[in-house]
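Shown next: work_13.cif, containing mmCIF, C-alpha atoms.
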```
data_my_file
loop_
_atom_site.label_atom_id
_atom_site.label_comp_id
_atom_site.auth_asym_id
_atom_site.auth_seq_id
_atom_site.Cartn_x
_atom_site.Cartn_y
_atom_site.Cartn_z
CA ARG A 51 5.83 -2.80 5.73
CA LYS A 52 8.19 -0.65 3.68
CA GLU A 53 11.25 -2.36 2.22
CA VAL A 54 13.56 0.29 3.65
CA GLU A 55 12.54 2.31 6.70
CA GLN A 56 14.08 5.45 8.11
CA ASP A 57 13.17 7.94 10.79
CA PRO A 58 12.17 11.04 8.80
CA GLY A 59 13.50 13.43 11.45
CA PRO A 60 14.28 16.25 11.33
CA PHE A 61 17.36 15.89 13.44
CA ASN A 62 18.34 19.36 14.64
CA VAL A 63 21.90 19.40 15.97
CA PRO A 64 24.44 22.11 16.77
CA GLU A 65 27.64 22.48 14.82
CA GLY A 66 30.30 20.10 16.08
CA ALA A 67 27.82 17.53 17.34
CA THR A 68 27.86 13.84 16.54
CA VAL A 69 24.67 12.45 15.02
CA ALA A 70 23.66 8.94 14.03
CA PHE A 71 20.95 7.67 11.69
CA ASN A 72 19.64 4.15 11.48
CA CYS A 73 17.82 2.38 8.71
CA THR A 74 16.18 -1.04 8.61
CA TYR A 75 15.55 -3.19 5.57
CA SER A 76 13.09 -6.04 5.19
CA ASN A 77 14.67 -8.31 2.58
CA SER A 78 17.31 -10.59 4.04
CA ALA A 79 18.56 -11.22 0.49
CA SER A 80 19.63 -7.60 0.10
CA GLN A 81 23.14 -7.55 -1.23
CA SER A 82 24.45 -4.00 -1.47
CA PHE A 83 23.96 -1.02 0.78
CA PHE A 84 24.54 2.67 0.37
CA TRP A 85 23.97 6.07 1.88
CA TYR A 86 23.02 8.85 -0.51
CA ARG A 87 22.77 12.53 0.30
CA GLN A 88 20.11 14.77 -1.22
CA ASP A 89 20.10 18.54 -0.90
CA CYS A 90 16.81 20.40 -1.17
CA ARG A 91 15.37 20.14 -4.69
CA LYS A 92 18.55 18.50 -6.02
CA GLU A 93 19.41 15.01 -7.18
CA PRO A 94 20.64 12.28 -4.81
CA LYS A 95 24.40 11.84 -4.67
CA LEU A 96 26.27 8.80 -3.44
CA LEU A 97 27.79 9.50 -0.04
CA MET A 98 29.28 6.09 0.65
CA SER A 99 28.83 2.40 0.19
CA VAL A 100 28.34 0.28 3.30
CA TYR A 101 30.47 -2.81 3.76
CA SER A 102 29.96 -5.73 6.12
CA SER A 103 33.07 -4.84 8.10
CA GLY A 104 32.03 -1.22 8.45
CA ASN A 105 33.79 1.63 6.74
CA GLU A 106 34.83 5.18 7.37
CA ASP A 107 35.28 8.19 5.13
CA GLY A 108 36.56 11.21 7.00
CA ARG A 109 33.88 12.28 9.46
CA PHE A 110 31.43 9.67 8.19
CA THR A 111 31.20 6.08 9.43
CA ALA A 112 28.81 3.50 8.05
CA GLN A 113 28.01 0.13 9.59
CA LEU A 114 25.96 -2.86 8.53
CA ASN A 115 24.32 -5.42 10.79
CA ARG A 116 23.05 -8.23 8.59
CA ALA A 117 21.66 -10.27 11.48
CA SER A 118 19.40 -7.42 12.58
CA GLN A 119 19.01 -6.03 9.06
CA TYR A 120 19.96 -2.48 9.82
CA ILE A 121 22.43 0.05 8.54
CA SER A 122 23.77 3.06 10.37
CA LEU A 123 25.48 6.31 9.46
CA LEU A 124 27.46 8.30 12.01
CA ILE A 125 28.52 11.87 11.33
CA ARG A 126 31.12 13.38 13.63
CA ASP A 127 31.89 17.08 14.08
CA SER A 128 28.80 18.17 12.13
CA LYS A 129 29.18 21.09 9.74
CA LEU A 130 26.50 23.48 8.52
CA SER A 131 27.11 22.03 5.06
CA ASP A 132 26.01 18.59 6.29
CA SER A 133 22.42 19.84 6.38
CA ALA A 134 20.58 17.65 3.89
CA THR A 135 18.37 14.58 3.62
CA TYR A 136 20.20 11.27 3.98
CA LEU A 137 18.76 8.38 2.01
CA CYS A 138 19.36 4.76 2.94
CA VAL A 139 19.56 2.57 -0.16
CA VAL A 140 19.68 -1.19 -0.71
CA ARG A 141 20.04 -3.38 -3.76
CA ASP A 142 18.61 -6.87 -3.64
CA THR A 143 20.32 -9.94 -5.07
CA GLY A 144 19.44 -10.38 -8.72
CA ARG A 145 17.78 -6.99 -9.02
CA ARG A 146 19.08 -4.05 -10.98
CA ALA A 147 17.10 -1.42 -9.15
CA LEU A 148 18.02 0.54 -6.07
CA THR A 149 15.43 0.68 -3.29
CA PHE A 150 15.42 3.93 -1.38
CA GLY A 151 14.16 4.80 2.06
CA SER A 152 12.18 8.01 2.47
CA GLY A 153 15.18 9.76 3.96
CA THR A 154 16.19 11.37 7.23
CA ARG A 155 16.46 15.12 7.31
CA LEU A 156 19.41 16.66 9.14
CA GLN A 157 19.59 20.33 10.05
CA VAL A 158 22.88 21.51 11.54
CA GLN A 159 22.50 24.79 13.38
CA PRO A 160 25.14 27.41 14.15
CA ASP B 141 33.44 14.91 -18.52
CA ALA B 142 29.71 15.54 -18.92
CA GLY B 143 27.52 14.19 -16.18
CA VAL B 144 23.94 13.01 -16.53
CA THR B 145 21.73 15.59 -18.19
CA GLN B 146 17.95 15.75 -18.29
CA SER B 147 15.43 17.89 -20.13
CA PRO B 148 13.29 19.75 -19.60
CA THR B 149 13.99 21.05 -16.09
CA HIS B 150 10.38 21.83 -15.32
CA LEU B 151 7.13 20.92 -17.01
CA ILE B 152 3.48 21.68 -16.38
CA LYS B 153 0.84 19.46 -17.96
CA THR B 154 -2.89 18.93 -17.67
CA ARG B 155 -4.59 15.71 -16.60
CA GLY B 156 -5.02 13.32 -19.51
CA GLN B 157 -2.10 14.71 -21.49
CA GLN B 158 1.05 12.85 -22.44
CA VAL B 159 4.62 13.81 -21.60
CA THR B 160 8.10 12.83 -22.77
CA LEU B 161 11.18 13.33 -20.61
CA ARG B 162 14.72 12.96 -21.86
CA CYS B 163 18.01 11.81 -20.39
CA SER B 164 21.59 11.65 -21.59
CA PRO B 165 23.79 9.37 -19.49
CA LYS B 166 27.22 10.15 -18.14
CA SER B 167 29.93 9.75 -20.76
CA GLY B 168 30.91 6.08 -21.08
CA HIS B 169 27.81 4.74 -19.32
CA ASP B 170 25.54 2.29 -21.13
CA THR B 171 22.64 1.77 -18.71
CA VAL B 172 19.86 4.18 -17.81
CA SER B 173 17.39 3.85 -14.95
CA TRP B 174 14.38 6.05 -14.28
CA TYR B 175 13.00 6.91 -10.85
CA GLN B 176 9.99 8.86 -9.63
CA GLN B 177 10.35 10.91 -6.45
CA ALA B 178 7.18 12.28 -4.88
CA LEU B 179 7.46 15.09 -2.36
CA GLY B 180 8.80 13.85 0.97
CA GLN B 181 9.55 10.37 -0.35
CA GLY B 182 12.59 8.57 -1.61
CA PRO B 183 12.98 7.83 -5.32
CA GLN B 184 11.00 4.84 -6.60
CA PHE B 185 12.34 2.68 -9.42
CA ILE B 186 10.33 2.83 -12.65
CA PHE B 187 12.49 0.82 -15.09
CA GLN B 188 15.97 0.27 -16.44
CA TYR B 189 17.25 0.18 -20.02
CA TYR B 190 20.32 -1.50 -21.42
CA GLU B 191 21.09 -2.30 -25.05
CA GLU B 192 17.87 -0.54 -26.03
CA GLU B 193 15.74 -3.00 -24.07
CA GLU B 194 13.80 -2.68 -20.85
CA ARG B 195 15.64 -4.98 -18.44
CA GLN B 196 13.66 -4.58 -15.26
CA ARG B 197 10.51 -2.76 -14.25
CA GLY B 198 9.21 -1.48 -10.95
CA ASN B 199 5.62 -1.34 -9.80
CA PHE B 200 4.36 1.23 -12.29
CA PRO B 201 1.43 0.93 -14.71
CA ASP B 202 1.77 0.55 -18.46
CA ARG B 203 1.08 4.26 -18.85
CA PHE B 204 4.80 4.59 -18.11
CA SER B 205 6.95 3.52 -21.03
CA GLY B 206 10.46 4.19 -22.18
CA HIS B 207 13.00 3.90 -24.87
CA GLN B 208 16.76 3.80 -25.17
CA PHE B 209 18.56 4.95 -28.29
CA PRO B 210 21.78 3.59 -29.85
CA ASN B 211 23.72 6.47 -28.28
CA TYR B 212 22.48 5.28 -24.83
CA SER B 213 20.25 8.29 -24.26
CA SER B 214 16.75 7.52 -23.05
CA GLU B 215 13.20 8.82 -22.95
CA LEU B 216 10.47 8.31 -20.41
CA ASN B 217 6.90 8.64 -21.68
CA VAL B 218 3.85 8.95 -19.49
CA ASN B 219 0.37 8.76 -21.03
CA ALA B 220 -2.99 9.81 -19.61
CA LEU B 221 -1.42 11.91 -16.88
CA LEU B 222 -2.95 11.86 -13.42
CA LEU B 223 -2.57 14.43 -10.65
CA GLY B 224 -0.61 11.78 -8.73
CA ASP B 225 2.05 11.72 -11.44
CA SER B 226 3.30 15.09 -10.21
CA ALA B 227 6.83 14.38 -9.00
CA LEU B 228 10.52 14.79 -9.65
CA TYR B 229 11.61 12.32 -12.34
CA LEU B 230 15.21 11.27 -11.98
CA CYS B 231 17.40 9.55 -14.50
CA ALA B 232 20.41 7.56 -13.29
CA SER B 233 23.18 6.19 -15.44
CA SER B 234 25.59 3.37 -14.75
CA LEU B 235 27.72 0.73 -16.36
CA GLN B 236 26.08 -2.63 -16.89
CA ARG B 237 29.16 -4.36 -15.47
CA ASN B 238 28.98 -2.18 -12.34
CA PRO B 239 25.33 -1.49 -11.59
CA TYR B 240 26.05 -0.49 -8.01
CA GLU B 241 27.25 3.00 -8.86
CA GLN B 242 24.38 5.01 -10.25
CA TYR B 243 24.85 8.68 -11.05
CA PHE B 244 21.74 10.80 -11.00
CA GLY B 245 20.79 13.69 -13.22
CA PRO B 246 19.23 16.88 -11.84
CA GLY B 247 15.75 15.63 -12.61
CA THR B 248 12.66 16.94 -14.35
CA ARG B 249 9.99 18.40 -12.08
CA LEU B 250 6.59 17.51 -13.53
CA THR B 251 3.44 19.23 -12.29
CA VAL B 252 0.08 17.89 -13.42
CA THR B 253 -2.88 20.25 -12.96
#
```
Output the file's structure as structure tokens, nothing else.
Amino acid sequence: RKEVEQDPGPFNVPEGATVAFNCTYSNSASQSFFWYRQDCRKEPKLLMSVYSSGNEDGRFTAQLNRASQYISLLIRDSKLSDSATYLCVVRDTGRRALTFGSGTRLQVQP
Amino acid sequence: DAGVTQSPTHLIKTRGQQVTLRCSPKSGHDTVSWYQQALGQGPQFIFQYYEEEERQRGNFPDRFSGHQFPNYSSELNVNALLLGDSALYLCASSLQRNPYEQYFGPGTRLTVT
């Protein structure tokens, strides 16, 4: 079983739609959680950290469910520029490395 | 404020050869991590350097080695290249006191033929 699992997609949605991605992680000792965005053939960029209480940044909302070991990302009012691959990332207690999921591809269509 | 830089951008090598990739961290950062990203996959952690020492290593063979210099820049060396080593190699820099925020460079795309 992979440490971090994501639905690869693609999710094809129209502009203005709301879309949600989920991610599950296997290590209950995981300590920190993030969503990264990666455009085609570019480097990953931090989109937002995910906090236990849930957090929002503009059109983006991230939530963490420690009991079920999953993380979600909600994007409201999708823009064409949101088209990218979204990577779910965890960091385990005592480890320096980030563990990435394989990513979920989002394509927003006009 | 210079971000993370990597060189070269692209590289083509033959099986069995050796390659060296380079990374300069973001200004002020002291820690460098290397990741390998195969096509269609997320980045996989290779190792991390701080104070010129390898601090943690992922599940990669000894053919993968690295170095960090006093100016915090870093090199990744891969010996005896295999076709399966073809990937995007990403360098990420951070501060040791705040390892959560890692900033990635644009990567080096390595093709092994």
- request: Up to 12 Å from chain A, what residues of chain B turn up? Count all atoms listed in the file and give them as a PyMOL selection string.
  value: chain B and resi 144-146+149-150+171-190+194-199+227-249
Keeping C-alpha atoms for every residue in the selection just given, could you write it to a file as a compact mmCIF listing (two decimals), in the frame of the given file?
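result-v1.txt was written with the following content:
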```
# COMPACT_ATOMS: atom_id res chain seq x y z
CA VAL B 144 23.94 13.01 -16.53
CA THR B 145 21.73 15.59 -18.19
CA GLN B 146 17.95 15.75 -18.29
CA THR B 149 13.99 21.05 -16.09
CA HIS B 150 10.38 21.83 -15.32
CA THR B 171 22.64 1.77 -18.71
CA VAL B 172 19.86 4.18 -17.81
CA SER B 173 17.39 3.85 -14.95
CA TRP B 174 14.38 6.05 -14.28
CA TYR B 175 13.00 6.91 -10.85
CA GLN B 176 9.99 8.86 -9.63
CA GLN B 177 10.35 10.91 -6.45
CA ALA B 178 7.18 12.28 -4.88
CA LEU B 179 7.46 15.09 -2.36
CA GLY B 180 8.80 13.85 0.97
CA GLN B 181 9.55 10.37 -0.35
CA GLY B 182 12.59 8.57 -1.61
CA PRO B 183 12.98 7.83 -5.32
CA GLN B 184 11.00 4.84 -6.60
CA PHE B 185 12.34 2.68 -9.42
CA ILE B 186 10.33 2.83 -12.65
CA PHE B 187 12.49 0.82 -15.09
CA GLN B 188 15.97 0.27 -16.44
CA TYR B 189 17.25 0.18 -20.02
CA TYR B 190 20.32 -1.50 -21.42
CA GLU B 194 13.80 -2.68 -20.85
CA ARG B 195 15.64 -4.98 -18.44
CA GLN B 196 13.66 -4.58 -15.26
CA ARG B 197 10.51 -2.76 -14.25
CA GLY B 198 9.21 -1.48 -10.95
CA ASN B 199 5.62 -1.34 -9.80
CA ALA B 227 6.83 14.38 -9.00
CA LEU B 228 10.52 14.79 -9.65
CA TYR B 229 11.61 12.32 -12.34
CA LEU B 230 15.21 11.27 -11.98
CA CYS B 231 17.40 9.55 -14.50
CA ALA B 232 20.41 7.56 -13.29
CA SER B 233 23.18 6.19 -15.44
CA SER B 234 25.59 3.37 -14.75
CA LEU B 235 27.72 0.73 -16.36
CA GLN B 236 26.08 -2.63 -16.89
CA ARG B 237 29.16 -4.36 -15.47
CA ASN B 238 28.98 -2.18 -12.34
CA PRO B 239 25.33 -1.49 -11.59
CA TYR B 240 26.05 -0.49 -8.01
CA GLU B 241 27.25 3.00 -8.86
CA GLN B 242 24.38 5.01 -10.25
CA TYR B 243 24.85 8.68 -11.05
CA PHE B 244 21.74 10.80 -11.00
CA GLY B 245 20.79 13.69 -13.22
CA PRO B 246 19.23 16.88 -11.84
CA GLY B 247 15.75 15.63 -12.61
CA THR B 248 12.66 16.94 -14.35
CA ARG B 249 9.99 18.40 -12.08
```
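Going from CA of Leu221 in chain B over to CA of Pro148 in chain B, you cover 16.9 Å.
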query: Can you tell me how far CA of Ala142 in chain B sits from CA of His169 in chain B, in Å to one decimal?
result: 11.0 Å
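Between CA of Pro201 in chain B and CA of Asn217 in chain B lies a distance of 11.7 Å.
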Result set, the PyMOL selection byres ((chain B and resi 156-163) around 7) on current file, as a ChimeraX atom specification: /B:145-148,153-155,164-165,213-222,231
- prompt: Could you pull the residues within 8 Å of Tyr120 in chain A, counting all atoms listed in the file, minus those fewer than 4 positions along the same chain, as a PyMOL selection string?
  reply: chain A and resi 72-75+114-116
Residue with smallest distance to Phe110 in chain A - pool A:Thr68, A:Thr143, A:Ser78, A:Ser133, counting all atoms listed in the file: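 Nearest candidate to Phe110 in chain A out of A:Thr68, A:Thr143, A:Ser78, A:Ser133: A:Thr68.
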message: Assuming the chain letters and numbering stay as they are in my file, what does the PyMOL selection byres ((chain A and resi 156) around 9) actually select? List them as an MDAnalysis selection string.
response: chainID A and resid 59:63 69 132:136 154:155 157:158
message: Give me, as a PyMOL selection string, all polymer residues having an atom no more than 10 Å from Gly66 in chain A, counting all atoms listed in the file and skipping those fewer than 4 positions away in the same chain.
response: chain A and resi 125-130+158-160
